[in-house]
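Raw query-v5.txt, compact mmCIF, C-alpha atoms:
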```txt
# COMPACT_ATOMS: atom_id res chain seq x y z
CA MET A 1 0.00 0.00 0.00
CA SER A 2 1.34 3.42 -0.85
CA LEU A 3 2.16 6.00 1.77
CA ARG A 4 -0.66 8.38 2.33
CA GLN A 5 0.28 11.98 2.91
CA GLU A 6 -2.48 12.75 5.35
CA HIS A 7 -3.49 9.86 7.53
CA GLU A 8 -6.17 10.23 10.18
CA ILE A 9 -3.55 9.74 12.90
CA HIS A 10 -1.62 12.75 11.61
CA THR A 11 -4.64 14.98 12.11
CA ARG A 12 -5.36 13.49 15.51
CA ARG A 13 -1.81 13.94 16.72
CA LYS A 14 -1.14 17.28 15.09
CA GLY A 15 -1.13 19.26 18.33
CA ARG A 16 1.20 16.79 19.99
CA ASN A 17 3.57 16.66 17.04
CA VAL A 18 3.74 20.44 16.73
CA GLY A 19 4.45 20.66 20.46
CA VAL A 20 7.27 18.12 20.27
CA GLY A 21 8.68 19.93 17.21
CA LEU A 22 8.67 23.27 19.03
CA MET A 23 10.35 21.72 22.06
CA LEU A 24 13.08 20.19 19.90
CA ALA A 25 13.62 23.53 18.16
CA GLY A 26 13.82 25.20 21.58
CA PHE A 27 16.37 22.64 22.71
CA VAL A 28 18.54 23.32 19.65
CA VAL A 29 18.42 27.08 20.37
CA LEU A 30 19.26 26.41 24.01
CA VAL A 31 22.31 24.28 23.17
CA LEU A 32 23.44 26.89 20.65
CA ALA A 33 23.13 29.70 23.22
CA LEU A 34 24.92 27.61 25.82
CA THR A 35 27.76 26.78 23.43
CA PHE A 36 28.10 30.39 22.36
CA THR A 37 28.19 31.56 25.99
CA LYS A 38 30.77 28.95 26.97
CA VAL A 39 33.03 29.67 24.00
CA THR A 40 32.92 33.44 24.40
CA SER A 41 33.30 33.51 28.18
CA GLY A 42 36.84 33.99 29.52
CA ASP A 43 37.53 30.54 30.92
CA PHE A 44 37.20 28.60 27.65
CA GLU A 45 40.40 26.87 26.53
CA LEU A 46 41.09 24.74 23.50
CA PRO A 47 42.45 21.27 24.23
CA LYS A 48 46.26 21.13 24.13
CA ALA A 49 46.40 18.97 21.00
CA GLU A 50 44.31 21.51 19.11
CA GLU A 51 46.60 24.36 20.13
CA LEU A 52 49.68 22.66 18.68
CA ARG A 53 48.25 22.47 15.17
CA MET B 54 1.60 -2.29 4.60
CA SER B 55 0.27 1.01 5.73
CA ASP B 56 2.47 3.87 6.89
CA VAL B 57 0.86 3.63 10.29
CA SER B 58 0.40 0.03 11.28
CA TYR B 59 -0.85 0.56 14.81
CA ASN B 60 -3.92 2.64 14.34
CA THR B 61 -5.67 3.62 17.52
CA PRO B 62 -9.39 3.33 16.97
CA THR B 63 -11.05 6.69 16.59
CA GLY B 64 -12.78 7.66 19.79
CA GLU B 65 -10.12 6.15 22.05
CA TYR B 66 -8.29 8.71 24.17
CA GLU B 67 -5.26 10.22 22.48
CA THR B 68 -2.53 11.17 24.95
CA GLN B 69 -1.98 14.91 24.80
CA LEU B 70 1.20 16.85 25.44
CA GLY B 71 -0.40 18.23 28.59
CA ASP B 72 -0.78 14.69 29.95
CA TYR B 73 2.94 14.07 29.60
CA PHE B 74 3.57 17.44 31.23
CA ALA B 75 1.31 16.46 34.16
CA LEU B 76 3.55 13.40 34.67
CA LEU B 77 6.38 15.77 35.54
CA LYS B 78 4.52 17.09 38.62
CA PRO B 79 4.62 20.77 37.57
CA ARG B 80 3.78 22.07 41.05
CA VAL B 81 6.68 20.20 42.63
CA MET B 82 8.82 21.35 39.70
CA SER B 83 7.99 25.00 40.41
CA LEU B 84 9.16 24.57 44.02
CA VAL B 85 12.35 22.89 42.79
CA VAL B 86 13.00 25.71 40.31
CA PHE B 87 12.47 28.35 42.98
CA THR B 88 14.66 26.77 45.66
CA ALA B 89 17.42 25.85 43.18
CA LEU B 90 17.38 29.41 41.86
CA VAL B 91 17.68 30.79 45.38
CA GLY B 92 20.63 28.45 46.02
CA LEU B 93 22.28 29.63 42.82
CA LEU B 94 21.71 33.35 43.46
CA ALA B 95 22.61 33.23 47.15
CA ALA B 96 26.01 31.75 46.31
CA PRO B 97 28.89 34.22 46.41
CA VAL B 98 29.95 33.43 42.81
CA PRO B 99 28.18 35.19 39.92
CA VAL B 100 26.88 32.97 37.11
CA HIS B 101 26.31 34.02 33.49
CA PRO B 102 22.52 34.45 32.98
CA VAL B 103 22.42 31.98 30.05
CA ILE B 104 24.29 29.33 32.02
CA ALA B 105 22.08 29.99 35.07
CA PHE B 106 18.89 29.72 32.98
CA CYS B 107 19.98 26.52 31.24
CA SER B 108 21.22 24.90 34.44
CA ILE B 109 18.02 25.63 36.37
CA LEU B 110 16.00 24.35 33.41
CA PHE B 111 17.93 21.07 33.45
CA VAL B 112 17.42 20.76 37.21
CA ALA B 113 13.69 21.28 36.60
CA ILE B 114 13.69 18.61 33.88
CA GLY B 115 15.51 16.24 36.24
CA ALA B 116 12.92 16.90 38.94
CA GLY B 117 10.15 16.28 36.41
CA ALA B 118 11.80 13.03 35.34
CA SER B 119 11.87 11.77 38.93
CA GLY B 120 8.19 12.74 39.21
CA ALA B 121 7.37 10.64 36.13
CA LEU B 122 9.31 7.67 37.54
CA ASN B 123 7.48 8.09 40.85
CA MET B 124 4.10 8.11 39.07
CA TRP B 125 5.06 5.02 37.06
CA TRP B 126 6.02 3.10 40.20
CA ASP B 127 3.11 4.33 42.34
CA ALA B 128 0.36 3.93 39.72
CA ASP B 129 -1.26 1.11 41.72
CA ILE B 130 -1.60 3.10 44.95
CA ASP B 131 -2.36 6.35 43.12
CA SER B 132 -5.48 4.75 41.69
CA VAL B 133 -6.71 3.94 45.22
CA MET B 134 -6.12 7.36 46.75
CA ARG B 135 -8.66 10.13 46.16
CA ARG B 136 -5.95 12.82 45.95
CA THR B 137 -4.01 11.03 43.21
CA ALA B 138 -6.67 9.02 41.31
CA LYS B 139 -6.83 11.63 38.53
CA ARG B 140 -3.11 11.49 37.77
CA PRO B 141 -2.26 10.60 34.14
CA ILE B 142 -1.54 6.87 34.65
CA PRO B 143 -4.38 5.82 37.00
CA SER B 144 -6.86 7.83 34.93
CA GLY B 145 -5.70 5.98 31.79
CA ARG B 146 -4.48 9.05 29.93
CA VAL B 147 -0.85 7.87 29.72
CA PRO B 148 0.26 4.21 29.46
CA ALA B 149 2.60 3.22 32.33
CA GLY B 150 5.35 2.13 29.93
CA GLU B 151 5.43 5.56 28.31
CA ALA B 152 5.76 7.22 31.71
CA LEU B 153 8.75 4.99 32.50
CA SER B 154 10.39 5.74 29.14
CA LEU B 155 9.82 9.47 29.55
CA GLY B 156 11.20 9.41 33.09
CA LEU B 157 14.34 7.51 32.11
CA ALA B 158 14.98 9.56 28.97
CA LEU B 159 14.57 12.90 30.74
CA SER B 160 16.72 11.72 33.67
CA GLY B 161 19.61 10.93 31.32
CA LEU B 162 19.14 14.11 29.31
CA SER B 163 18.95 16.43 32.34
CA VAL B 164 22.03 14.98 34.07
CA MET B 165 24.08 15.00 30.88
CA MET B 166 23.08 18.56 30.00
CA LEU B 167 23.68 19.85 33.53
CA ALA B 168 27.19 18.39 33.39
CA LEU B 169 27.76 20.37 30.19
CA SER B 170 26.16 23.62 31.30
CA ALA B 171 27.45 23.70 34.90
CA ASN B 172 29.81 21.09 36.31
CA LEU B 173 30.13 17.38 37.06
CA LEU B 174 29.46 17.77 40.78
CA ALA B 175 26.10 19.48 40.15
CA ALA B 176 25.20 16.82 37.58
CA GLY B 177 26.20 14.03 39.96
CA LEU B 178 24.09 15.58 42.70
CA LEU B 179 21.11 15.82 40.34
CA ALA B 180 21.56 12.15 39.39
CA PHE B 181 21.70 11.22 43.06
CA THR B 182 18.55 13.26 43.78
CA ILE B 183 16.62 11.51 40.99
CA PHE B 184 17.85 8.13 42.28
CA PHE B 185 16.96 9.05 45.84
CA TYR B 186 13.41 10.13 44.96
CA ALA B 187 12.61 7.37 42.48
CA VAL B 188 14.39 4.42 44.11
CA VAL B 189 15.13 5.15 47.79
CA TYR B 190 11.88 7.02 48.52
CA SER B 191 9.31 5.73 46.01
CA MET B 192 10.40 2.10 45.64
CA TRP B 193 11.74 1.43 49.10
CA LEU B 194 10.84 3.79 51.95
CA LYS B 195 7.34 4.89 50.99
CA ARG B 196 5.78 1.45 51.42
CA SER B 197 8.01 0.12 54.16
CA THR B 198 8.41 2.64 56.98
CA PRO B 199 6.45 5.44 58.69
CA GLN B 200 9.70 7.43 58.46
CA ASN B 201 9.16 7.50 54.67
CA ILE B 202 8.49 11.20 54.51
CA VAL B 203 11.26 12.09 56.98
CA ILE B 204 14.09 10.39 55.07
CA GLY B 205 12.46 10.81 51.66
CA GLY B 206 12.21 14.54 52.31
CA ALA B 207 15.92 14.74 51.52
CA ALA B 208 15.08 14.37 47.82
CA GLY B 209 13.11 17.62 47.87
CA ALA B 210 15.83 19.31 49.92
CA PHE B 211 18.66 18.87 47.43
CA PRO B 212 17.69 21.52 44.80
CA PRO B 213 19.12 24.58 46.65
CA VAL B 214 22.35 22.61 47.18
CA ILE B 215 22.43 21.84 43.45
CA GLY B 216 21.85 25.54 42.72
CA TRP B 217 24.74 26.47 45.03
CA VAL B 218 27.03 23.86 43.43
CA ILE B 219 26.12 25.13 39.94
CA ALA B 220 27.52 28.52 40.96
CA THR B 221 30.47 27.55 43.14
CA GLY B 222 31.39 24.02 42.06
CA SER B 223 31.61 22.96 45.71
CA PHE B 224 29.57 22.40 48.88
CA SER B 225 29.36 24.78 51.81
CA VAL B 226 27.65 25.16 55.18
CA GLU B 227 25.18 27.69 53.75
CA ALA B 228 24.03 25.24 51.09
CA TRP B 229 23.45 22.55 53.71
CA LEU B 230 21.52 25.03 55.86
CA MET B 231 19.08 25.51 52.98
CA PHE B 232 18.94 21.73 52.61
CA ALA B 233 18.17 21.38 56.33
CA LEU B 234 15.38 23.97 56.10
CA ILE B 235 13.47 21.94 53.51
CA PHE B 236 14.38 18.64 55.14
CA MET B 237 12.93 19.70 58.52
CA TRP B 238 9.93 21.41 56.90
CA THR B 239 8.80 18.34 54.91
CA PRO B 240 7.51 16.11 57.77
CA PRO B 241 5.12 18.62 59.41
CA HIS B 242 3.93 19.68 55.93
CA PHE B 243 3.07 16.11 54.85
CA TRP B 244 1.79 14.92 58.21
CA ALA B 245 -0.72 17.80 58.26
CA LEU B 246 -1.83 16.64 54.80
CA ALA B 247 -2.07 13.03 56.04
CA LEU B 248 -4.28 14.16 58.92
CA PHE B 249 -6.96 15.67 56.72
CA MET B 250 -6.58 13.21 53.81
CA LYS B 251 -8.07 10.82 56.31
CA SER B 252 -8.43 7.40 54.73
CA ASP B 253 -6.28 7.86 51.61
CA TYR B 254 -3.05 6.37 52.95
CA ASP B 255 -4.99 3.75 54.90
CA ASP B 256 -6.79 2.58 51.75
CA ALA B 257 -3.52 2.37 49.84
CA ASN B 258 -1.67 0.55 52.65
CA VAL B 259 0.99 3.24 52.75
CA PRO B 260 2.50 3.19 56.26
CA MET B 261 2.16 6.90 56.96
CA LEU B 262 2.55 7.88 60.60
CA THR B 263 -1.22 8.41 60.85
CA VAL B 264 -1.72 4.75 59.89
CA THR B 265 1.06 3.09 61.91
CA HIS B 266 1.22 5.23 65.06
CA GLY B 267 -2.20 6.87 65.09
CA ARG B 268 -3.37 10.43 64.76
CA ARG B 269 -2.45 11.58 68.29
CA SER B 270 1.14 10.50 67.76
CA THR B 271 1.19 12.29 64.37
CA ARG B 272 0.05 15.51 66.06
CA LEU B 273 2.86 15.14 68.60
CA HIS B 274 5.40 14.51 65.83
CA ILE B 275 4.23 17.66 64.00
CA ILE B 276 4.95 19.87 66.99
CA ALA B 277 8.30 18.19 67.70
CA TYR B 278 9.53 18.77 64.15
CA THR B 279 8.10 22.29 64.07
CA VAL B 280 10.08 23.25 67.19
CA LEU B 281 13.30 21.88 65.65
CA LEU B 282 12.49 23.63 62.38
CA ALA B 283 11.89 26.96 64.14
CA VAL B 284 15.28 26.78 65.88
CA LEU B 285 16.99 26.00 62.59
CA ALA B 286 15.08 28.60 60.55
CA VAL B 287 15.67 31.44 62.99
CA GLY B 288 19.29 30.36 63.56
CA THR B 289 19.91 30.56 59.80
CA GLY B 290 19.17 34.27 60.12
CA VAL B 291 22.56 34.94 61.73
CA THR B 292 24.57 33.05 59.10
CA ALA B 293 26.08 34.32 55.85
CA ILE B 294 22.87 33.73 53.85
CA GLY B 295 20.71 35.47 56.48
CA GLY B 296 20.35 39.10 57.44
CA PRO B 297 17.96 41.48 59.20
CA LEU B 298 15.17 41.01 56.64
CA TYR B 299 15.43 37.23 56.70
CA LEU B 300 15.53 37.20 60.49
CA ALA B 301 12.39 39.36 60.73
CA VAL B 302 10.52 37.11 58.26
CA ALA B 303 11.74 33.96 60.05
CA ILE B 304 10.69 35.19 63.50
CA VAL B 305 7.18 36.17 62.39
CA LEU B 306 6.57 33.02 60.35
CA ASN B 307 7.96 30.66 62.94
CA ILE B 308 5.75 32.15 65.65
CA MET B 309 2.75 31.59 63.34
CA PHE B 310 3.93 28.09 62.43
CA LEU B 311 4.55 27.13 66.07
CA LYS B 312 1.11 28.42 67.01
CA GLY B 313 -0.42 26.31 64.24
CA ALA B 314 1.47 23.23 65.43
CA VAL B 315 0.38 23.80 69.04
CA ASP B 316 -3.24 24.16 67.87
CA ILE B 317 -2.96 20.87 65.97
CA TRP B 318 -1.37 19.13 68.96
CA ARG B 319 -4.02 20.32 71.43
CA ARG B 320 -6.95 19.34 69.24
CA PRO B 321 -8.86 16.15 69.92
CA GLU B 322 -9.72 14.15 66.81
CA GLU B 323 -13.44 14.71 67.39
CA ALA B 324 -13.04 18.48 67.14
CA ALA B 325 -11.07 18.07 63.90
CA ILE B 326 -13.79 15.88 62.38
CA ALA B 327 -16.46 18.35 63.51
CA ASP B 328 -14.96 21.26 61.57
CA ASP B 329 -13.58 19.14 58.71
CA TYR B 330 -9.93 19.59 59.72
CA ARG B 331 -10.02 23.38 59.46
CA VAL B 332 -6.92 23.90 61.64
CA GLU B 333 -4.90 21.17 59.86
CA LYS B 334 -5.79 22.57 56.43
CA LYS B 335 -4.85 26.07 57.56
CA PHE B 336 -1.50 24.77 58.85
CA PHE B 337 -0.88 22.98 55.54
CA ARG B 338 -1.57 26.17 53.55
CA LEU B 339 0.65 28.17 55.90
CA SER B 340 3.45 25.63 55.41
CA LEU B 341 3.51 26.44 51.68
CA TRP B 342 3.84 30.16 52.39
CA TYR B 343 6.37 29.39 55.11
CA LEU B 344 8.85 27.80 52.74
CA PHE B 345 8.25 30.31 49.97
CA ALA B 346 8.79 33.27 52.34
CA HIS B 347 11.98 31.86 53.88
CA PHE B 348 13.61 31.24 50.50
CA GLY B 349 12.22 34.55 49.21
CA ALA B 350 13.94 36.30 52.14
CA ILE B 351 17.25 34.51 51.42
CA LEU B 352 16.90 35.68 47.81
CA ALA B 353 16.12 39.24 48.91
CA GLU B 354 19.21 39.30 51.15
CA ALA B 355 21.34 38.15 48.20
CA ALA B 356 19.74 40.74 45.90
CA LEU B 357 20.37 43.55 48.38
CA ARG B 358 24.01 42.59 48.99
CA PRO B 359 25.46 44.43 45.94
CA PHE B 360 23.91 47.64 47.32
CA GLY B 361 25.53 47.12 50.71
CA LEU B 362 22.17 46.36 52.32
CA GLY B 363 21.81 42.58 52.47
CA GLY B 364 23.35 40.32 55.10
CA TRP B 365 25.04 41.38 58.29
```
In structure tokens, how does this file's structure come out?
Amino acid sequence: MSLRQEHEIHTRRKGRNVGVGLMLAGFVVLVLALTFTKVTSGDFELPKAEELR
Amino acid sequence: MSDVSYNTPTGEYETQLGDYFALLKPRVMSLVVFTALVGLLAAPVPVHPVIAFCSILFVAIGAGASGALNMWWDADIDSVMRRTAKRPIPSGRVPAGEALSLGLALSGLSVMMLALSANLLAAGLLAFTIFFYAVVYSMWLKRSTPQNIVIGGAAGAFPPVIGWVIATGSFSVEAWLMFALIFMWTPPHFWALALFMKSDYDDANVPMLTVTHGRRSTRLHIIAYTVLLAVLAVGTGVTAIGGPLYLAVAIVLNIMFLKGAVDIWRRPEEAAIADDYRVEKKFFRLSLWYLFAHFGAILAEAALRPFGLGGW
């Protein structure tokens, strides 16, 4: 059977799926902000091996 | 084969995002967020706002995860007790297996992310707190000893210590004082609840003090712990996290709390039944304000410190 684009379960779970999607997007933004903060704050140091290159 | 091979029949309840959120015990989570934030801000080391926000969020997720694990384990007794019968699992809104998966996944995620955003000690402490609440309290103590709430209360007392460790990377006396405040506050808070949730714990065979030692003994225990709590709470006022404002708040609230405990102790059970546990319910409500005000005062002292006003 071919894949149907819009199954009944998609409609039923739309709210839940959108919510999960938004949370994942939020998590990505959070990790990005955290990384940026860590890298730009004073105490960040590259590992020794990286410095030698 | 269809793209969705496990169709739920239309009309059957579809678990909503809000149901999963309810598994995380949002009210407990809000208390965890508040006390952890106070621990973080009361610490003498400033933390970057982004790191502070992320770290507190991961602590909240960890607390929520332990709540989901607790609900998974306690689903059988939750369905018996009036207070908990509408929780997501006993009401059939979330399958027990999903609650377990969510609890485990969020536990791992929160600990890992806290290690990245703050430090390994804070992450380790969060992991221990989740283990303590889900395994030591829920799986072991809750159904085996009337001291369940006394020892289990430690799980709820860890968040300000985690907040402090996020900022400083180490433990200190002040952090343990905040721990002790919540630890000593938990028994009178829950025993007051057990007094007016009359038959709930009885029906579920949970050995709360009211069930194993009787209601008179519970009333006596409430006043004993309240006296110890008052000494601790007022004494904290003269430490590094205290100050004049905190001391004033602590003195007023502890007088009120002690009066409430004395009222509970002096009351015969018949009088409590006659007015539907009015005094016990009032004491329970006051206990919520009690904790909020004490931590709010610690926060205020920390906020005033940069202006030369907070602390001694």
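For stretch 26-41 of chain A, the non-local neighbours within 9 Å, defined as residues at least 3 positions apart in the same chain or in other chains and counting all atoms listed in the file, are Gly21, Leu22, Met23, Phe44 and Glu45 of chain A; His101, Val103, Ile104, Cys107, Met166, Leu169 and Ser170 of chain B.
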I need the residue nearest B:Gly349 from this list: B:Ser108, B:Lys195, B:Ile294, B:Val98. Use all atoms listed in the file for the distance.
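The answer is B:Ile294, which sits nearest to B:Gly349.
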For chain A, which of B:Asp256, B:Leu167, B:Ala121, B:Trp193 is the closest residue, counting all atoms listed in the file?
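Among the listed residues, B:Leu167 lies closest to chain A.
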What does the structure give for the distance between atom CA of B:Lys334 and atom CA of B:Gly267, in Å to one decimal?
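Calculated distance between atom CA of B:Lys334 and atom CA of B:Gly267 is 18.3 Å.
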Computed gap from atom CA of B:Leu194 to atom CA of B:Ala176 is 24.1 Å
With all atoms listed in the file as the counted atoms, please give the residues lying no more than 12 Å from stretch 69-76 of chain B, apart from itself and same-chain residues fewer than 6 positions off, as a count of residues only.
46
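Atom CA of B:Asp253 is positioned 25.0 Å from atom CA of B:Ser83.
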Neighbour list for B:Phe337 as a PyMOL selection string, cut-off 10 Å, only C-alpha atoms, skip fewer than 4 positions in-chain
chain B and resi 241-246+249+310+313+331-333+341-343
Extract, using only C-alpha atoms, all DNA, RNA and protein residues at most 7 Å from stretch 86-88 of chain B, discarding same-chain residues fewer than 3 positions from it, and format them as a list of chain:residue names.
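Neighbouring residues, sequence-local ones excluded: B:Met82, B:Ser83, B:Val91, B:Gly92, B:Ile109, B:Ala113, B:Pro212, B:Pro213, B:Phe348.
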Neighbours of B:Leu357 within 12 Å (all atoms listed in the file; same-chain residues fewer than 4 positions away dropped), as a list in words?
Leu94, Ala95, Ile294, Gly295, Gly296, Pro297, Leu298, Tyr299, Ala350, Ile351, Leu352, Ala353, Gly361, Leu362, Gly363, Gly364 and Trp365 of chain B
For those residues, write C-alpha atoms to a file as a compact mmCIF listing (two decimals), in the coordinates of the input.
```
# COMPACT_ATOMS: atom_id res chain seq x y z
CA LEU B 94 21.71 33.35 43.46
CA ALA B 95 22.61 33.23 47.15
CA ILE B 294 22.87 33.73 53.85
CA GLY B 295 20.71 35.47 56.48
CA GLY B 296 20.35 39.10 57.44
CA PRO B 297 17.96 41.48 59.20
CA LEU B 298 15.17 41.01 56.64
CA TYR B 299 15.43 37.23 56.70
CA ALA B 350 13.94 36.30 52.14
CA ILE B 351 17.25 34.51 51.42
CA LEU B 352 16.90 35.68 47.81
CA ALA B 353 16.12 39.24 48.91
CA GLY B 361 25.53 47.12 50.71
CA LEU B 362 22.17 46.36 52.32
CA GLY B 363 21.81 42.58 52.47
CA GLY B 364 23.35 40.32 55.10
CA TRP B 365 25.04 41.38 58.29
```
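Nearest residue to chain A, choosing from B:Thr68, B:Ser223, B:Ser163, B:Asn172 and counting all atoms listed in the file: B:Thr68.
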Size and centre in Å, one decimal, axis-aligned box, all listed stretch 114-125 of chain B atoms plus 6 Å per side, as lines of an AutoDock Vina configuration file:
```
center_x = 9.8
center_y = 11.8
center_z = 37.4
size_x = 23.4
size_y = 25.6
size_z = 19.0
```
